[in-house]
Each structure stands twice: as C-alpha cells, then as structure tokens.
Amino acid sequence: MRFLIDECLHESLVGLAHAAGFEVTHVNHLGLSGKPDWALAERINKEEFTFVTNNRTDFIQLFGKMELHPGLIVLVPNAVPAMQQALFQAALRYSAQGDLVNTVIEVRLEGKTVKCVKYELPQRGSRFTTGTASGLTPPLAR
C-alpha cells in the first residue's frame, strides 16, 4: 500500500508510515501543494496512492465519482500534529486488515477513544465496518 499525505496534514505523518513499513510521501514533497483538488485526485488515482486527508467534503465527492480508486483515509477533525499522528497510527493499524480499493476509512476521536469506520465508495451496498483502535491514547486525552 502506498500513501500520499495531503498538504492539510503535518509532514510528520510520513515518518509514522515509513516506520510502520509503508511507502509514503507528502503532497509538498511532490511539488503538488496548492494544486486544485480535482487535479490532485487524478494524480492520486493514476499513481495508485491511498490518499490521507482531513478534507472530507471535497475528496468524498471526488472519489465518489471514480469507478475505481486506491482508497481514502479521512482524519476527522482538523487537529494539531500530535493528534493527527494518533489518528493516523490508528488508520495504519486498521488498514493493515486488507486492501483499500474503493474504500474509505474515517478516523475520529470519540471521547478518549479513536474510532475507525470503513465503507465502500462509490457505495454499492450498505457495508459499514466499525472498529476501535486499541492501545491508543490520543495525546490530548491523557
């Protein structure tokens, strides 16, 4: 699995994915910062990156129009880098369960628990899977 981290997320997420054994880069490292979302979505799909963002609204819409895409991870809400790291670590653990083709994983903080919700996009049924990323205590909830 190859990840591309959006410019709205901290570059430290690249190191987390590398440490977990994943291939990863950041939008800024590819010279793509400031590009329109639609242009970024085309590049993501062409190069088969699983995209990591907190821009849920725009990318759910863009990926929902694609017949086939390599996956989308949405970190909710927009947060400080330490919280982004905790949410992304949960996403990495959760995504290790399998292929993310035409799949979205939304990662959010509910109280002191990080929750992952996985669903198909474009939606072909009503398959939702919810999981809890165990062993993680978000830095702001300690």
# chains A, B, ... in the order shown; residues from 1 in each chain; ligands from 1
call {"tool": "residues_around", "arguments": {"residues": "Ala91 in chain A", "least_positions_apart": "5", "cutoff": "9 Å", "atoms": "only C-alpha atoms", "output": "list in words"}}
result
Ile73, Val74, Leu75, Ala86, Ala96, Ile105, Glu106, Val107, Cys116 and Ala133 of chain A
call {"tool": "write_last_selection", "arguments": {"atoms": "C-alpha atoms", "output": "mmCIF file, in the first residue's frame"}}
result
data_model
loop_
_atom_site.group_PDB
_atom_site.id
_atom_site.type_symbol
_atom_site.label_atom_id
_atom_site.label_comp_id
_atom_site.auth_asym_id
_atom_site.auth_seq_id
_atom_site.Cartn_x
_atom_site.Cartn_y
_atom_site.Cartn_z
ATOM 1 C CA ILE A 73 -8.338 7.808 4.695
ATOM 2 C CA VAL A 74 -10.012 10.794 6.332
ATOM 3 C CA LEU A 75 -8.769 12.058 9.688
ATOM 4 C CA ALA A 86 -2.503 9.390 16.915
ATOM 5 C CA ALA A 96 -3.401 -3.386 7.724
ATOM 6 C CA ILE A 105 -11.666 4.788 6.350
ATOM 7 C CA GLU A 106 -12.792 7.678 8.524
ATOM 8 C CA VAL A 107 -10.817 8.028 11.737
ATOM 9 C CA CYS A 116 -12.343 3.844 12.565
ATOM 10 C CA ALA A 133 -8.020 1.227 17.521
#
call {"tool": "select_by_dssp", "arguments": {"residues": "chain A", "states": "strand (DSSP E or B)", "output": "PyMOL selection string"}}
result
chain A and resi 2-5+23-26+50-53+72-76+103-110+113-120+128-132
call {"tool": "write_last_selection", "arguments": {"atoms": "C-alpha atoms", "output": "tab-separated table (two decimals), in the first residue's frame"}}
result
chain	number	residue	atom	x	y	z
A	2	ARG	CA	1.30	3.47	-0.93
A	3	PHE	CA	0.13	6.56	0.90
A	4	LEU	CA	0.04	10.19	-0.15
A	5	ILE	CA	-0.46	12.67	2.70
A	23	GLU	CA	5.74	3.55	1.16
A	24	VAL	CA	4.59	7.15	1.70
A	25	THR	CA	5.13	10.69	0.53
A	26	HIS	CA	3.61	14.10	1.18
A	50	THR	CA	-4.17	5.73	-0.89
A	51	PHE	CA	-4.85	9.34	-0.01
A	52	VAL	CA	-4.80	10.64	3.58
A	53	THR	CA	-6.57	13.94	4.23
A	72	LEU	CA	-9.12	7.24	1.02
A	73	ILE	CA	-8.34	7.81	4.69
A	74	VAL	CA	-10.01	10.79	6.33
A	75	LEU	CA	-8.77	12.06	9.69
A	76	VAL	CA	-11.54	13.93	11.50
A	103	THR	CA	-12.80	2.03	0.36
A	104	VAL	CA	-12.88	4.95	2.77
A	105	ILE	CA	-11.67	4.79	6.35
A	106	GLU	CA	-12.79	7.68	8.52
A	107	VAL	CA	-10.82	8.03	11.74
A	108	ARG	CA	-12.19	10.16	14.54
A	109	LEU	CA	-11.87	10.76	18.22
A	110	GLU	CA	-14.92	9.88	20.31
A	113	THR	CA	-11.27	6.50	22.02
A	114	VAL	CA	-10.09	6.54	18.42
A	115	LYS	CA	-12.77	5.02	16.15
A	116	CYS	CA	-12.34	3.84	12.57
A	117	VAL	CA	-15.31	3.49	10.22
A	118	LYS	CA	-14.75	1.72	6.92
A	119	TYR	CA	-17.13	1.84	3.95
A	120	GLU	CA	-17.24	1.45	0.18
A	128	PHE	CA	-20.07	-0.36	7.04
A	129	THR	CA	-17.47	-1.73	9.41
A	130	THR	CA	-16.61	0.00	12.65
A	131	GLY	CA	-13.56	-0.69	14.73
A	132	THR	CA	-11.74	0.70	17.70
call {"tool": "atom_distance", "arguments": {"atom1": "CA of Thr57 in chain A", "atom2": "CA of Leu87 in chain A"}}
result
18.3 Å
call {"tool": "atom_distance", "arguments": {"atom1": "CA of Gly15 in chain A", "atom2": "CA of Asn54 in chain A"}}
result
18.1 Å
call {"tool": "select_by_dssp", "arguments": {"residues": "chain A", "states": "helix (DSSP H, G or I)", "output": "PyMOL selection string"}}
result
chain A and resi 12-19+27-30+37-46+56-64+81-95+139-141
call {"tool": "write_last_selection", "arguments": {"atoms": "N, CA and C atoms", "output": "compact mmCIF listing (two decimals), in the first residue's frame"}}
result
# COMPACT_ATOMS: atom_id res chain seq x y z
N SER A 12 4.98 15.16 9.50
CA SER A 12 5.46 14.11 10.41
C SER A 12 4.74 12.78 10.20
N LEU A 13 3.58 12.81 9.54
CA LEU A 13 2.85 11.57 9.28
C LEU A 13 3.62 10.67 8.32
N VAL A 14 4.46 11.27 7.49
CA VAL A 14 5.29 10.48 6.58
C VAL A 14 6.19 9.54 7.38
N GLY A 15 6.83 10.06 8.40
CA GLY A 15 7.72 9.25 9.23
C GLY A 15 7.00 8.11 9.93
N LEU A 16 5.76 8.34 10.37
CA LEU A 16 4.98 7.27 11.03
C LEU A 16 4.73 6.11 10.08
N ALA A 17 4.35 6.44 8.86
CA ALA A 17 4.07 5.38 7.88
C ALA A 17 5.34 4.65 7.48
N HIS A 18 6.43 5.40 7.30
CA HIS A 18 7.72 4.76 6.99
C HIS A 18 8.11 3.79 8.10
N ALA A 19 7.98 4.22 9.35
CA ALA A 19 8.35 3.38 10.49
C ALA A 19 7.50 2.10 10.55
N VAL A 27 2.23 15.54 -0.18
CA VAL A 27 1.92 16.42 -1.31
C VAL A 27 3.01 17.46 -1.51
N ASN A 28 3.51 18.02 -0.41
CA ASN A 28 4.57 19.04 -0.50
C ASN A 28 5.85 18.49 -1.12
N HIS A 29 6.15 17.21 -0.86
CA HIS A 29 7.38 16.60 -1.37
C HIS A 29 7.32 16.35 -2.87
N LEU A 30 6.10 16.29 -3.41
CA LEU A 30 5.92 16.07 -4.85
C LEU A 30 5.71 17.37 -5.61
N ASP A 37 -8.02 20.37 -6.00
CA ASP A 37 -8.33 19.03 -5.52
C ASP A 37 -8.59 18.05 -6.66
N TRP A 38 -9.26 18.48 -7.71
CA TRP A 38 -9.56 17.57 -8.83
C TRP A 38 -8.27 17.11 -9.52
N ALA A 39 -7.29 18.01 -9.64
CA ALA A 39 -6.02 17.65 -10.26
C ALA A 39 -5.25 16.68 -9.36
N LEU A 40 -5.31 16.92 -8.09
CA LEU A 40 -4.66 16.04 -7.12
C LEU A 40 -5.31 14.66 -7.14
N ALA A 41 -6.64 14.61 -7.22
CA ALA A 41 -7.36 13.33 -7.26
C ALA A 41 -6.96 12.52 -8.49
N GLU A 42 -6.78 13.19 -9.62
CA GLU A 42 -6.35 12.48 -10.84
C GLU A 42 -4.97 11.86 -10.65
N ARG A 43 -4.06 12.62 -10.05
CA ARG A 43 -2.70 12.12 -9.82
C ARG A 43 -2.70 10.96 -8.82
N ILE A 44 -3.51 11.09 -7.78
CA ILE A 44 -3.63 10.05 -6.76
C ILE A 44 -4.07 8.74 -7.41
N ASN A 45 -5.09 8.83 -8.25
CA ASN A 45 -5.63 7.64 -8.89
C ASN A 45 -4.64 7.06 -9.90
N LYS A 46 -4.02 7.92 -10.69
CA LYS A 46 -3.06 7.48 -11.71
C LYS A 46 -1.88 6.74 -11.09
N ARG A 56 -12.60 16.06 4.10
CA ARG A 56 -13.60 15.04 3.83
C ARG A 56 -14.56 15.45 2.72
N THR A 57 -15.11 16.64 2.81
CA THR A 57 -16.16 17.07 1.89
C THR A 57 -15.73 16.97 0.44
N ASP A 58 -14.60 17.56 0.11
CA ASP A 58 -14.17 17.59 -1.29
C ASP A 58 -13.75 16.23 -1.81
N PHE A 59 -13.00 15.48 -1.01
CA PHE A 59 -12.47 14.22 -1.53
C PHE A 59 -13.49 13.09 -1.52
N ILE A 60 -14.46 13.10 -0.63
CA ILE A 60 -15.55 12.13 -0.70
C ILE A 60 -16.30 12.35 -2.01
N GLN A 61 -16.54 13.59 -2.36
CA GLN A 61 -17.24 13.91 -3.61
C GLN A 61 -16.41 13.46 -4.82
N LEU A 62 -15.12 13.79 -4.84
CA LEU A 62 -14.26 13.43 -5.97
C LEU A 62 -14.08 11.92 -6.10
N PHE A 63 -13.80 11.24 -5.00
CA PHE A 63 -13.59 9.79 -5.06
C PHE A 63 -14.90 9.05 -5.34
N GLY A 64 -16.01 9.63 -4.92
CA GLY A 64 -17.32 9.02 -5.19
C GLY A 64 -17.67 8.98 -6.65
N PRO A 81 -0.73 18.56 15.20
CA PRO A 81 0.07 17.44 14.71
C PRO A 81 0.08 16.20 15.61
N ALA A 82 0.17 16.37 16.92
CA ALA A 82 0.20 15.20 17.81
C ALA A 82 -1.09 14.39 17.70
N MET A 83 -2.22 15.05 17.57
CA MET A 83 -3.49 14.35 17.42
C MET A 83 -3.58 13.71 16.03
N GLN A 84 -3.09 14.39 15.00
CA GLN A 84 -3.06 13.80 13.66
C GLN A 84 -2.26 12.50 13.68
N GLN A 85 -1.14 12.52 14.39
CA GLN A 85 -0.30 11.34 14.48
C GLN A 85 -1.04 10.17 15.14
N ALA A 86 -1.74 10.44 16.22
CA ALA A 86 -2.50 9.39 16.91
C ALA A 86 -3.59 8.83 16.01
N LEU A 87 -4.30 9.70 15.30
CA LEU A 87 -5.35 9.25 14.40
C LEU A 87 -4.77 8.44 13.24
N PHE A 88 -3.65 8.90 12.70
CA PHE A 88 -3.04 8.20 11.57
C PHE A 88 -2.48 6.85 11.99
N GLN A 89 -1.92 6.77 13.19
CA GLN A 89 -1.45 5.47 13.69
C GLN A 89 -2.61 4.48 13.76
N ALA A 90 -3.76 4.95 14.19
CA ALA A 90 -4.95 4.09 14.23
C ALA A 90 -5.33 3.66 12.82
N ALA A 91 -5.27 4.58 11.88
CA ALA A 91 -5.60 4.25 10.49
C ALA A 91 -4.63 3.22 9.92
N LEU A 92 -3.36 3.36 10.23
CA LEU A 92 -2.37 2.39 9.76
C LEU A 92 -2.65 1.00 10.31
N ARG A 93 -2.96 0.92 11.59
CA ARG A 93 -3.29 -0.38 12.20
C ARG A 93 -4.55 -0.97 11.59
N TYR A 94 -5.54 -0.13 11.41
CA TYR A 94 -6.83 -0.59 10.88
C TYR A 94 -6.71 -0.99 9.42
N SER A 95 -5.95 -0.23 8.63
CA SER A 95 -5.83 -0.50 7.20
C SER A 95 -4.99 -1.74 6.93
N PRO A 139 -2.99 12.05 22.48
CA PRO A 139 -2.17 12.88 23.37
C PRO A 139 -2.95 13.92 24.15
N LEU A 140 -4.05 14.42 23.60
CA LEU A 140 -4.80 15.45 24.31
C LEU A 140 -5.76 14.84 25.34
N ALA A 141 -5.94 13.51 25.27
CA ALA A 141 -6.89 12.88 26.18
C ALA A 141 -6.23 12.24 27.37
